[in-house]
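Data from upload-v4.txt: compact mmCIF, C-alpha atoms
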# COMPACT_ATOMS: atom_id res chain seq x y z
CA MET A 40 49.56 -47.33 162.80
CA ALA A 41 46.04 -45.93 162.83
CA GLY A 42 43.53 -45.45 165.63
CA ARG A 43 40.08 -43.96 166.04
CA GLY A 44 41.52 -40.47 166.30
CA GLY A 45 43.78 -40.78 163.27
CA PRO A 46 47.32 -42.03 162.67
CA VAL A 47 49.68 -42.40 165.60
CA LEU A 48 53.33 -41.77 164.77
CA VAL A 49 55.70 -44.12 166.62
CA LEU A 50 58.85 -43.36 164.64
CA LYS A 51 60.17 -40.09 163.29
CA ASP A 52 59.25 -39.05 159.77
CA THR A 53 62.92 -39.25 158.79
CA THR A 54 63.37 -42.79 160.14
CA LYS A 55 64.36 -45.27 157.45
CA ARG A 56 63.54 -48.92 158.04
CA GLU A 57 64.94 -51.74 155.96
CA SER A 58 64.41 -55.48 156.28
CA GLY A 59 64.66 -58.70 154.35
CA ARG A 60 67.38 -60.56 152.55
CA LYS A 61 68.94 -57.39 151.15
CA VAL A 62 69.73 -56.08 154.65
CA GLN A 63 71.17 -59.44 155.78
CA LEU A 64 73.53 -59.55 152.80
CA GLY A 65 74.40 -55.88 153.42
CA ASN A 66 75.42 -56.74 156.98
CA VAL A 67 77.67 -59.50 155.66
CA GLU A 68 79.32 -57.11 153.20
CA ALA A 69 79.91 -54.53 155.94
CA ALA A 70 81.59 -57.14 158.16
CA LYS A 71 83.75 -58.32 155.26
CA THR A 72 84.81 -54.72 154.59
CA ILE A 73 85.98 -54.30 158.20
CA ALA A 74 87.87 -57.62 157.98
CA ASP A 75 89.58 -56.54 154.74
CA LEU A 76 90.62 -53.30 156.45
CA VAL A 77 92.85 -55.07 159.00
CA ARG A 78 93.78 -58.14 156.94
CA THR A 79 97.18 -56.75 155.98
CA SER A 80 98.05 -56.27 159.67
CA LEU A 81 98.08 -60.01 160.41
CA GLY A 82 100.94 -62.46 160.20
CA PRO A 83 104.74 -62.32 159.90
CA CYS A 84 104.54 -60.02 156.88
CA SER A 85 102.12 -57.61 158.56
CA MET A 86 102.51 -53.89 157.98
CA LEU A 87 101.95 -50.96 160.31
CA LYS A 88 99.05 -48.67 159.51
CA MET A 89 99.43 -44.92 159.92
CA LEU A 90 96.27 -43.24 161.14
CA MET A 91 95.38 -39.63 161.97
CA ASP A 92 93.36 -39.28 165.16
CA PRO A 93 90.71 -36.52 165.66
CA MET A 94 93.20 -34.39 167.62
CA GLY A 95 95.70 -34.35 164.75
CA GLY A 96 98.07 -36.91 166.25
CA VAL A 97 99.52 -39.83 164.31
CA VAL A 98 98.99 -43.46 165.34
CA MET A 99 101.27 -46.12 163.86
CA THR A 100 100.24 -49.66 164.76
CA ASN A 101 99.29 -53.10 163.50
CA ASP A 102 97.10 -53.87 166.51
CA GLY A 103 93.58 -54.59 165.29
CA ASN A 104 91.79 -52.96 168.20
CA ALA A 105 93.96 -49.84 168.05
CA ILE A 106 93.24 -49.49 164.31
CA LEU A 107 89.49 -49.98 164.60
CA ARG A 108 89.30 -47.69 167.62
CA GLU A 109 90.49 -44.76 165.50
CA ILE A 110 88.05 -45.17 162.61
CA GLN A 111 84.45 -43.96 162.59
CA VAL A 112 81.77 -46.19 161.06
CA GLN A 113 78.03 -45.69 160.63
CA HIS A 114 76.84 -49.18 159.69
CA PRO A 115 75.45 -51.10 162.70
CA ALA A 116 76.99 -54.41 161.62
CA ALA A 117 80.40 -52.74 161.25
CA LYS A 118 80.02 -51.28 164.76
CA ALA A 119 79.30 -54.79 166.05
CA MET A 120 82.61 -55.94 164.56
CA LEU A 121 84.38 -53.12 166.41
CA ASP A 122 82.71 -54.25 169.65
CA ILE A 123 83.99 -57.79 169.04
CA SER A 124 87.56 -56.53 168.78
CA ARG A 125 87.17 -54.38 171.91
CA ALA A 126 85.74 -57.29 173.91
CA VAL A 127 88.60 -59.61 172.91
CA ASP A 128 91.14 -56.94 173.82
CA GLU A 129 89.63 -56.57 177.31
CA GLU A 130 89.14 -60.28 178.02
CA VAL A 131 92.09 -61.93 176.24
CA GLY A 132 94.45 -59.07 175.41
CA ASP A 133 95.72 -60.51 172.13
CA GLY A 134 94.14 -61.78 168.90
CA THR A 135 92.12 -58.64 168.12
CA THR A 136 93.04 -58.78 164.42
CA SER A 137 92.51 -62.52 164.12
CA VAL A 138 89.02 -62.42 165.61
CA ILE A 139 87.91 -59.76 163.10
CA ILE A 140 89.22 -61.74 160.14
CA LEU A 141 87.69 -64.95 161.51
CA ALA A 142 84.31 -63.27 162.03
CA GLY A 143 84.42 -61.87 158.49
CA ALA A 144 85.24 -65.31 157.07
CA MET A 145 82.41 -66.97 159.03
CA LEU A 146 79.90 -64.40 157.81
CA SER A 147 81.20 -64.83 154.29
CA GLY A 148 80.64 -68.58 154.64
CA ALA A 149 77.11 -67.97 155.87
CA GLU A 150 76.31 -65.81 152.86
CA ARG A 151 75.55 -68.75 150.56
CA PHE A 152 73.18 -70.24 153.13
CA LEU A 153 71.26 -66.95 153.25
CA LYS A 154 70.98 -67.00 149.46
CA GLU A 155 69.52 -70.53 149.75
CA ASN A 156 66.79 -69.03 151.99
CA ILE A 157 67.95 -70.78 155.16
CA HIS A 158 66.72 -68.87 158.20
CA PRO A 159 69.43 -66.95 160.12
CA THR A 160 68.50 -68.60 163.44
CA VAL A 161 69.23 -72.02 161.93
CA ILE A 162 72.65 -70.81 160.77
CA ILE A 163 73.40 -69.31 164.20
CA SER A 164 72.41 -72.51 166.04
CA ALA A 165 74.70 -74.52 163.75
CA TYR A 166 77.59 -72.14 164.43
CA ARG A 167 76.99 -72.44 168.18
CA LYS A 168 77.01 -76.23 167.98
CA ALA A 169 80.26 -76.10 165.99
CA LEU A 170 81.75 -73.73 168.57
CA ASP A 171 80.91 -76.07 171.46
CA ASP A 172 82.41 -79.05 169.62
CA ALA A 173 85.54 -77.09 168.67
CA VAL A 174 86.15 -75.90 172.24
CA THR A 175 85.63 -79.41 173.61
CA LEU A 176 88.01 -80.98 171.10
CA ALA A 177 90.62 -78.26 171.61
CA LYS A 178 90.59 -78.74 175.38
CA GLU A 179 90.49 -82.54 175.48
CA GLN A 180 92.50 -83.69 172.45
CA ILE A 181 94.56 -80.88 170.92
CA SER A 182 95.82 -78.56 173.70
CA VAL A 183 99.06 -79.34 175.52
CA PRO A 184 99.64 -78.62 179.23
CA VAL A 185 102.28 -76.03 180.13
CA ASP A 186 104.59 -76.06 183.14
CA VAL A 187 104.30 -72.47 184.39
CA THR A 188 107.40 -72.94 186.57
CA ASP A 189 109.54 -73.54 183.46
CA ARG A 190 110.72 -70.04 182.59
CA GLU A 191 112.13 -70.96 179.16
CA GLN A 192 108.91 -72.63 178.05
CA VAL A 193 106.75 -69.69 179.12
CA LEU A 194 109.10 -67.21 177.43
CA LYS A 195 108.84 -69.14 174.14
CA ILE A 196 105.05 -68.93 174.30
CA VAL A 197 105.11 -65.20 175.07
CA ASN A 198 107.64 -64.65 172.27
CA SER A 199 105.24 -66.20 169.77
CA CYS A 200 102.71 -63.40 170.32
CA ILE A 201 105.13 -60.54 169.63
CA GLY A 202 107.02 -62.13 166.73
CA THR A 203 104.93 -60.12 164.22
CA LYS A 204 105.01 -56.79 166.05
CA LEU A 205 107.29 -53.78 166.22
CA ILE A 206 108.87 -54.94 169.48
CA ARG A 207 110.13 -58.20 167.94
CA ALA A 208 113.62 -56.63 167.56
CA TRP A 209 113.77 -56.56 171.39
CA SER A 210 111.71 -59.71 171.94
CA ASP A 211 114.01 -61.25 174.57
CA ARG A 212 113.86 -58.19 176.81
CA ALA A 213 110.11 -57.70 176.27
CA CYS A 214 109.29 -61.33 177.10
CA SER A 215 111.49 -61.21 180.17
CA MET A 216 109.81 -58.01 181.43
CA ALA A 217 106.33 -59.45 180.86
CA TYR A 218 107.21 -62.69 182.67
CA GLU A 219 108.75 -60.87 185.64
CA ALA A 220 105.80 -58.46 185.91
CA VAL A 221 103.18 -61.21 185.89
CA ASN A 222 105.16 -63.30 188.39
CA THR A 223 105.48 -60.27 190.66
CA VAL A 224 101.77 -59.41 190.85
CA MET A 225 100.49 -63.01 190.86
CA THR A 226 98.81 -64.01 194.11
CA GLU A 227 97.32 -67.33 195.19
CA ASP A 228 94.61 -67.63 197.83
CA ARG A 229 93.02 -70.99 198.71
CA GLY A 230 94.04 -72.49 195.38
CA ARG A 231 92.70 -69.54 193.38
CA VAL A 232 95.28 -67.73 191.24
CA GLU A 233 94.78 -64.01 190.64
CA VAL A 234 96.84 -61.86 188.26
CA ASP A 235 95.59 -58.25 188.14
CA ILE A 236 97.89 -56.58 185.63
CA LYS A 237 95.51 -53.69 185.02
CA ARG A 238 95.73 -52.34 188.57
CA TYR A 239 99.15 -53.43 189.77
CA VAL A 240 101.39 -53.33 186.66
CA ARG A 241 102.18 -49.76 185.71
CA VAL A 242 103.90 -48.91 182.41
CA GLU A 243 105.78 -45.60 182.49
CA LYS A 244 106.91 -44.20 179.13
CA VAL A 245 109.93 -41.84 179.16
CA PRO A 246 111.12 -40.60 175.73
CA GLY A 247 114.83 -40.90 175.08
CA GLY A 248 117.37 -43.67 175.10
CA SER A 249 116.79 -47.06 173.52
CA VAL A 250 114.25 -49.81 174.08
CA ASP A 251 117.18 -51.86 175.40
CA ASP A 252 117.27 -49.46 178.37
CA SER A 253 113.76 -50.53 179.45
CA VAL A 254 113.48 -52.35 182.74
CA ALA A 255 110.86 -54.00 184.97
CA PHE A 256 111.20 -53.93 188.75
CA GLY A 257 109.11 -54.82 191.76
CA GLY A 258 107.94 -51.56 193.27
CA CYS A 259 106.62 -48.20 192.12
CA MET A 260 107.82 -45.23 190.12
CA LEU A 261 106.25 -41.77 190.46
CA ASN A 262 106.78 -38.70 188.32
CA LYS A 263 107.32 -36.66 191.51
CA ASP A 264 110.10 -34.95 193.42
CA VAL A 265 110.21 -34.27 197.17
CA VAL A 266 108.27 -31.14 198.17
CA HIS A 267 111.29 -29.39 199.75
CA THR A 268 114.74 -29.07 198.25
CA LYS A 269 116.50 -29.97 201.53
CA MET A 270 114.59 -33.20 202.09
CA ARG A 271 116.45 -36.48 201.63
CA ARG A 272 116.33 -37.92 198.11
CA ARG A 273 117.80 -41.32 198.95
CA ILE A 274 116.66 -43.41 201.91
CA GLU A 275 117.49 -47.05 202.53
CA ASN A 276 114.87 -49.20 204.25
CA PRO A 277 112.46 -46.29 204.71
CA ARG A 278 109.43 -46.30 207.00
CA ILE A 279 106.56 -45.12 204.76
CA ILE A 280 103.21 -43.54 205.70
CA LEU A 281 100.46 -43.23 203.08
CA LEU A 282 97.70 -40.63 203.42
CA ASP A 283 94.77 -39.41 201.36
CA CYS A 284 94.14 -36.24 203.39
CA ASN A 285 95.51 -32.69 203.29
CA LEU A 286 98.40 -31.67 205.49
CA GLU A 287 97.17 -28.10 205.65
CA TYR A 288 94.43 -26.11 207.30
CA LYS A 289 90.89 -26.78 206.17
CA LYS A 290 89.84 -24.34 203.48
CA GLY A 291 86.31 -23.04 203.03
CA GLU A 292 84.09 -23.60 200.05
CA SER A 293 83.92 -21.21 197.13
CA MET A 294 81.60 -18.80 198.97
CA THR A 295 82.83 -18.30 202.55
CA ASN A 296 82.32 -15.19 204.67
CA LEU A 297 84.18 -14.55 207.92
CA GLU A 298 83.25 -11.64 210.20
CA ILE A 299 85.87 -10.26 212.60
CA SER A 300 84.81 -7.97 215.43
CA ASN A 301 88.04 -7.58 217.40
CA ASP A 302 91.53 -6.74 216.19
CA THR A 303 92.90 -9.90 217.83
CA ASP A 304 90.46 -12.25 216.10
CA PHE A 305 92.46 -12.47 212.88
CA THR A 306 95.62 -13.35 214.77
CA ARG A 307 93.67 -15.95 216.71
CA ILE A 308 92.41 -17.51 213.46
CA LEU A 309 95.95 -17.79 212.12
CA GLU A 310 97.08 -19.39 215.38
CA LEU A 311 94.30 -21.98 215.15
CA GLU A 312 95.28 -22.82 211.59
CA GLU A 313 98.92 -23.26 212.58
CA LYS A 314 97.95 -25.33 215.59
CA MET A 315 95.83 -27.59 213.41
CA VAL A 316 98.70 -28.19 210.96
CA GLN A 317 101.15 -28.74 213.82
CA GLN A 318 98.86 -31.32 215.42
CA MET A 319 98.62 -33.27 212.17
CA CYS A 320 102.41 -33.22 211.80
CA ASP A 321 102.85 -34.32 215.43
CA ASP A 322 100.58 -37.32 214.78
CA ILE A 323 102.90 -38.30 211.92
CA ILE A 324 106.19 -37.51 213.67
CA GLN A 325 105.46 -39.69 216.70
CA LEU A 326 105.60 -42.79 214.44
CA LYS A 327 109.10 -41.78 213.23
CA PRO A 328 108.60 -42.28 209.48
CA ASP A 329 111.19 -41.54 206.82
CA LEU A 330 108.77 -40.84 203.96
CA VAL A 331 105.23 -39.44 203.86
CA ILE A 332 103.15 -39.75 200.67
CA THR A 333 99.75 -38.08 200.38
CA GLU A 334 97.21 -37.77 197.61
CA LYS A 335 96.40 -34.20 198.63
CA GLY A 336 98.44 -31.05 199.31
CA ILE A 337 101.12 -30.26 201.89
CA SER A 338 101.36 -26.67 203.18
CA ASP A 339 104.63 -24.80 203.65
CA LEU A 340 104.21 -24.99 207.42
CA ALA A 341 103.77 -28.77 207.30
CA GLN A 342 106.88 -29.03 205.11
CA HIS A 343 108.78 -27.06 207.74
CA TYR A 344 107.76 -29.40 210.58
CA LEU A 345 108.50 -32.53 208.55
CA LEU A 346 111.89 -31.19 207.44
CA LYS A 347 112.86 -30.44 211.06
CA HIS A 348 112.45 -34.15 211.83
CA ASN A 349 114.27 -35.29 208.66
CA ILE A 350 111.12 -36.63 206.99
CA SER A 351 110.80 -36.55 203.19
CA ALA A 352 107.38 -36.01 201.59
CA LEU A 353 105.62 -36.44 198.26
CA ARG A 354 102.26 -34.84 197.52
CA ARG A 355 99.37 -35.06 195.05
CA THR A 356 99.96 -38.63 193.98
CA ARG A 357 97.27 -40.54 192.12
CA LYS A 358 94.96 -42.91 193.95
CA THR A 359 96.11 -45.81 191.78
CA ASP A 360 99.76 -45.06 192.64
CA ASN A 361 98.97 -44.98 196.34
CA ASN A 362 97.24 -48.36 196.06
CA ARG A 363 100.28 -49.88 194.34
CA ILE A 364 102.66 -48.40 196.91
CA SER A 365 100.49 -49.84 199.66
CA ARG A 366 100.62 -53.27 198.04
CA ALA A 367 104.38 -53.06 197.47
CA THR A 368 105.44 -51.79 200.91
CA GLY A 369 102.74 -53.13 203.22
CA ALA A 370 101.62 -49.64 204.30
CA THR A 371 97.96 -48.84 204.99
CA ILE A 372 96.35 -45.77 203.41
CA CYS A 373 94.96 -43.61 206.23
CA HIS A 374 92.23 -40.96 205.95
CA ARG A 375 93.06 -39.01 209.13
CA THR A 376 96.37 -38.41 210.84
CA ASP A 377 94.93 -38.95 214.31
CA GLU A 378 94.04 -42.53 213.32
CA LEU A 379 97.61 -43.49 212.46
CA LYS A 380 99.17 -46.38 214.34
CA GLU A 381 102.35 -48.46 214.09
CA ALA A 382 100.69 -51.20 212.02
CA ASP A 383 99.91 -48.65 209.27
CA VAL A 384 103.61 -47.90 208.61
CA GLY A 385 105.08 -49.67 205.58
CA THR A 386 108.46 -51.28 206.16
CA GLY A 387 108.71 -53.55 203.11
CA CYS A 388 110.62 -51.09 200.89
CA GLY A 389 114.38 -51.49 200.51
CA LEU A 390 115.23 -48.21 198.79
CA PHE A 391 113.60 -44.83 198.09
CA GLU A 392 115.49 -42.66 195.62
CA VAL A 393 114.78 -39.65 193.43
CA ARG A 394 116.48 -39.83 190.02
CA LYS A 395 116.55 -37.50 187.07
CA ILE A 396 115.67 -39.07 183.72
CA GLY A 397 115.81 -36.63 180.84
CA ASP A 398 114.44 -33.32 182.10
CA GLU A 399 112.16 -34.71 184.81
CA TYR A 400 112.56 -36.15 188.30
CA PHE A 401 111.15 -39.57 189.20
CA SER A 402 110.78 -41.14 192.64
CA PHE A 403 111.62 -44.85 192.79
CA ILE A 404 110.32 -47.17 195.51
CA GLU A 405 112.11 -50.44 194.85
CA LYS A 406 113.94 -53.46 196.27
CA CYS A 407 110.77 -54.38 198.16
CA GLN A 408 110.63 -57.61 200.17
CA ASN A 409 107.35 -58.92 198.72
CA PRO A 410 106.14 -56.23 196.33
CA LYS A 411 103.08 -57.70 194.56
CA ALA A 412 103.14 -54.52 192.45
CA CYS A 413 105.35 -53.90 189.45
CA THR A 414 106.49 -50.99 187.30
CA ILE A 415 107.83 -51.25 183.76
CA LEU A 416 109.97 -48.31 182.62
CA LEU A 417 109.92 -48.02 178.83
CA ARG A 418 112.50 -45.97 176.93
CA GLY A 419 112.33 -45.18 173.24
CA ALA A 420 113.31 -42.71 170.54
CA SER A 421 109.91 -41.00 170.22
CA LYS A 422 106.43 -40.95 171.72
CA ASP A 423 104.95 -42.80 168.72
CA VAL A 424 107.45 -45.63 169.13
CA LEU A 425 106.78 -45.77 172.87
CA LYS A 426 103.00 -45.99 172.37
CA GLU A 427 103.36 -48.89 169.94
CA VAL A 428 105.89 -50.65 172.19
CA GLU A 429 103.45 -50.29 175.09
CA ARG A 430 100.62 -51.83 173.03
CA ASN A 431 102.87 -54.75 172.08
CA LEU A 432 103.99 -55.16 175.68
CA GLN A 433 100.39 -55.21 176.88
CA ASP A 434 99.76 -58.14 174.51
CA ALA A 435 102.74 -59.97 175.99
CA LEU A 436 101.51 -59.26 179.54
CA HIS A 437 98.06 -60.63 178.77
CA VAL A 438 99.47 -63.76 177.16
CA ALA A 439 101.69 -64.40 180.19
CA ARG A 440 98.71 -63.83 182.48
CA ASN A 441 96.52 -66.23 180.48
CA ILE A 442 99.19 -68.94 180.72
CA MET A 443 99.30 -68.57 184.51
CA LEU A 444 95.52 -68.76 184.80
CA GLN A 445 94.97 -71.53 182.23
CA PRO A 446 98.23 -73.46 181.70
CA HIS A 447 97.36 -75.04 178.34
CA ILE A 448 98.46 -74.11 174.84
CA ALA A 449 97.21 -74.88 171.34
CA ALA A 450 99.27 -74.25 168.20
CA GLY A 451 98.40 -71.16 166.16
CA GLY A 452 98.90 -70.09 162.57
CA GLY A 453 95.89 -72.11 161.40
CA ALA A 454 97.24 -75.37 162.88
CA LEU A 455 94.37 -75.60 165.40
CA GLU A 456 91.75 -75.13 162.68
CA MET A 457 93.32 -77.83 160.48
CA ALA A 458 93.55 -80.18 163.47
CA LEU A 459 89.86 -79.62 164.23
CA GLN A 460 88.98 -80.34 160.60
CA HIS A 461 91.06 -83.54 160.72
CA VAL A 462 89.35 -84.71 163.93
CA ARG A 463 85.93 -83.87 162.48
CA THR A 464 86.65 -85.86 159.29
CA TYR A 465 87.90 -88.81 161.39
CA MET A 466 84.75 -88.73 163.53
CA LEU A 467 82.51 -88.63 160.47
CA VAL A 468 84.30 -91.62 158.92
CA CYS A 469 84.20 -93.64 162.13
CA CYS A 470 80.60 -92.84 162.92
Please go through the file and, once you have read it, give me the structure as structure tokens.
Amino acid sequence: MAGRGGPVLVLKDTTKRESGRKVQLGNVEAAKTIADLVRTSLGPCSMLKMLMDPMGGVVMTNDGNAILREIQVQHPAAKAMLDISRAVDEEVGDGTTSVIILAGAMLSGAERFLKENIHPTVIISAYRKALDDAVTLAKEQISVPVDVTDREQVLKIVNSCIGTKLIRAWSDRACSMAYEAVNTVMTEDRGRVEVDIKRYVRVEKVPGGSVDDSVAFGGCMLNKDVVHTKMRRRIENPRIILLDCNLEYKKGESMTNLEISNDTDFTRILELEEKMVQQMCDDIIQLKPDLVITEKGISDLAQHYLLKHNISALRRTRKTDNNRISRATGATICHRTDELKEADVGTGCGLFEVRKIGDEYFSFIEKCQNPKACTILLRGASKDVLKEVERNLQDALHVARNIMLQPHIAAGGGALEMALQHVRTYMLVCC
């Protein structure tokens, strides 16, 4: 690009620009290479791939998105294929390998049209028209309605998605856990069904035992123990208060200076701190709770006051865990203790119990009246097995969720594609 004052550089000197038919065919080859990479991970004879992540860990999986997430590619078309797999995993949850192979096959089919000098926009518009026709035919003529209240029918559909995965040896238990979890968190408001498995279904992995020991229950499980050894570890029908504030005196910032002029000032400061903690505990105690859970810290003095009134406490829980506990027990998360009232106390929990699994303590909040939050406890021989079982279980959860949201099913294994081809041939003959 030249001007009156000389050349104007828009791009760097090292920038390499390619265009034309050669680049288009190169993009097709890159997409086909990515498809060939995961092709052996599809179907009943699929094999697990063993990958080494950047941190030195080992990933064993046949999930397309998990495989492509671990590899590093430089070609822009190959990166687009990775984005396709990631988008399908977020929206649908299953079919990440199939969509890559299908995209590679469609680009391979378009290759001969490019060699015949057909413009890419014409090919894309034809593909879009075919997509619209295929979706319409699948919805109106090929798909079959599903009765979501029929447990056996839904379990068969969920079982079909994990029949080629590592968890297939425990398919009955996995399908049952996925069905129970989705049913637990499903809500219906004014005819609109909502199933938020990302926020309200928590999968906890604890190494040891067998996958047969895994269980799903309505409620929450925290990797926490009570803050004081003498606090109760088992409470039936507890009254629960949820907080996201500290139960300790307010600490200064990183640079805080305090000047004391009299010898009694320091004692007075300590008294004010104790009085502040005592007032916060009094606000809690007057509601007579059995369990206090906060996202922040609890000082030794606050533990002393709570223990005197036979109140158990958990501290430094995650925000997501507090939200699930609130949904399961009916408690309201409060930001200040002086704002607490009777309506904020959760009474929907049937049992709070601290149990030791392996070498760690876990707090269980279960037997809730109307939980709307679920926890799946996974057991397995090793961490690698647990990670793969979790990935397979997430696929089952998404399939169960999709059935609840859109209760229609179309046969897989290429049957849908052959049916569409048959309908298309019939329409061409008749028209």
A:Lys411, A:Arg238, A:Arg108, A:Arg273 ranked by distance to Glu392 (chain A), top pick (using all atoms listed in the file): A:Arg273
Within 8 Å of region 221-236 of chain A, counting all atoms listed in the file, which residues qualify if same-chain residues fewer than 2 places away don't, as a PDB file with C-alpha atoms, in the coordinates of the input?
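Output below, filename out-v9.pdb:
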ATOM      1  CA  ALA A 217     106.330 -59.450 180.860  1.00  0.00           C
ATOM      2  CA  TYR A 218     107.210 -62.690 182.670  1.00  0.00           C
ATOM      3  CA  GLU A 219     108.750 -60.870 185.640  1.00  0.00           C
ATOM      4  CA  ARG A 238      95.730 -52.340 188.570  1.00  0.00           C
ATOM      5  CA  TYR A 239      99.150 -53.430 189.770  1.00  0.00           C
ATOM      6  CA  VAL A 240     101.390 -53.330 186.660  1.00  0.00           C
ATOM      7  CA  GLY A 257     109.110 -54.820 191.760  1.00  0.00           C
ATOM      8  CA  PRO A 410     106.140 -56.230 196.330  1.00  0.00           C
ATOM      9  CA  LYS A 411     103.080 -57.700 194.560  1.00  0.00           C
ATOM     10  CA  ALA A 412     103.140 -54.520 192.450  1.00  0.00           C
ATOM     11  CA  CYS A 413     105.350 -53.900 189.450  1.00  0.00           C
ATOM     12  CA  LEU A 436     101.510 -59.260 179.540  1.00  0.00           C
ATOM     13  CA  HIS A 437      98.060 -60.630 178.770  1.00  0.00           C
ATOM     14  CA  ALA A 439     101.690 -64.400 180.190  1.00  0.00           C
ATOM     15  CA  ARG A 440      98.710 -63.830 182.480  1.00  0.00           C
ATOM     16  CA  MET A 443      99.300 -68.570 184.510  1.00  0.00           C
ATOM     17  CA  LEU A 444      95.520 -68.760 184.800  1.00  0.00           C
TER      18      LEU A 444
END
Neighbours of point (117.0, -60.7, 177.2) within 12 Å, using only C-alpha atoms, written as a ChimeraX atom specification: /A:191,194,198,207-219,250-255
Pick from A:Cys469, A:Leu459, A:Ile448, A:His348, whichever lies nearest to Ala169 (chain A) using all atoms listed in the file: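 When distances to Ala169 (chain A) are compared using all atoms listed in the file, the smallest one comes from A:Leu459.
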Using all atoms listed in the file, what residues lie at most 10 Å away from (89.7, -39.5, 168.4) (file coordinates), given as a JSON list (two decimals) with C-alpha atoms, in the frame of the given file?
[["chain", "number", "residue", "atom", "x", "y", "z"],
["A", 91, "MET", "CA", 95.38, -39.63, 161.97],
["A", 92, "ASP", "CA", 93.36, -39.28, 165.16],
["A", 93, "PRO", "CA", 90.71, -36.52, 165.66],
["A", 94, "MET", "CA", 93.20, -34.39, 167.62],
["A", 95, "GLY", "CA", 95.70, -34.35, 164.75],
["A", 96, "GLY", "CA", 98.07, -36.91, 166.25],
["A", 108, "ARG", "CA", 89.30, -47.69, 167.62],
["A", 109, "GLU", "CA", 90.49, -44.76, 165.50],
["A", 110, "ILE", "CA", 88.05, -45.17, 162.61],
["A", 111, "GLN", "CA", 84.45, -43.96, 162.59]]
Region 381-389 of chain A surroundings by all atoms listed in the file, 6 Å radius, close-in-sequence under 5 positions cut, as a list of chain:residue names: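 The residues that qualify are A:Glu275, A:Asn276, A:Arg278, A:Ile279, A:Ile280, A:Thr368, A:Gly369, A:Ala370, A:Thr371, A:Lys406, A:Cys407, A:Gln408.
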Given only C-alpha atoms as the counted atoms, nearest of A:Leu141, A:Ile73, A:Met466, A:Val112 to Gly453 (chain A):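 Answer, going by the shortest atom-to-atom distance: A:Leu141.
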Top pick for closest residue to Gln433 (chain A), considering A:Cys200, A:Leu64, A:Ile123, A:Leu90 and counting only C-alpha atoms: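 That would be A:Cys200, the residue with the smallest distance to Gln433 (chain A).
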Spatial neighbours of Gly82 (chain A), max dist 12 Å, all atoms listed in the file, sep filter under 6 positions, as a VMD selection string: chain A and resid 101 to 103 134 136 to 137 140 199 to 204 451 to 453
A:Glu155, A:Asp189, A:Asp171, A:Glu287 ranked by distance to Ile442 (chain A), top pick (using all atoms listed in the file): A:Asp189
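Closest approach to His343 (chain A) from the set A:Asn285, A:Asn296, A:Ser147, A:Thr268 is made by A:Thr268, with distances taken over all atoms listed in the file.
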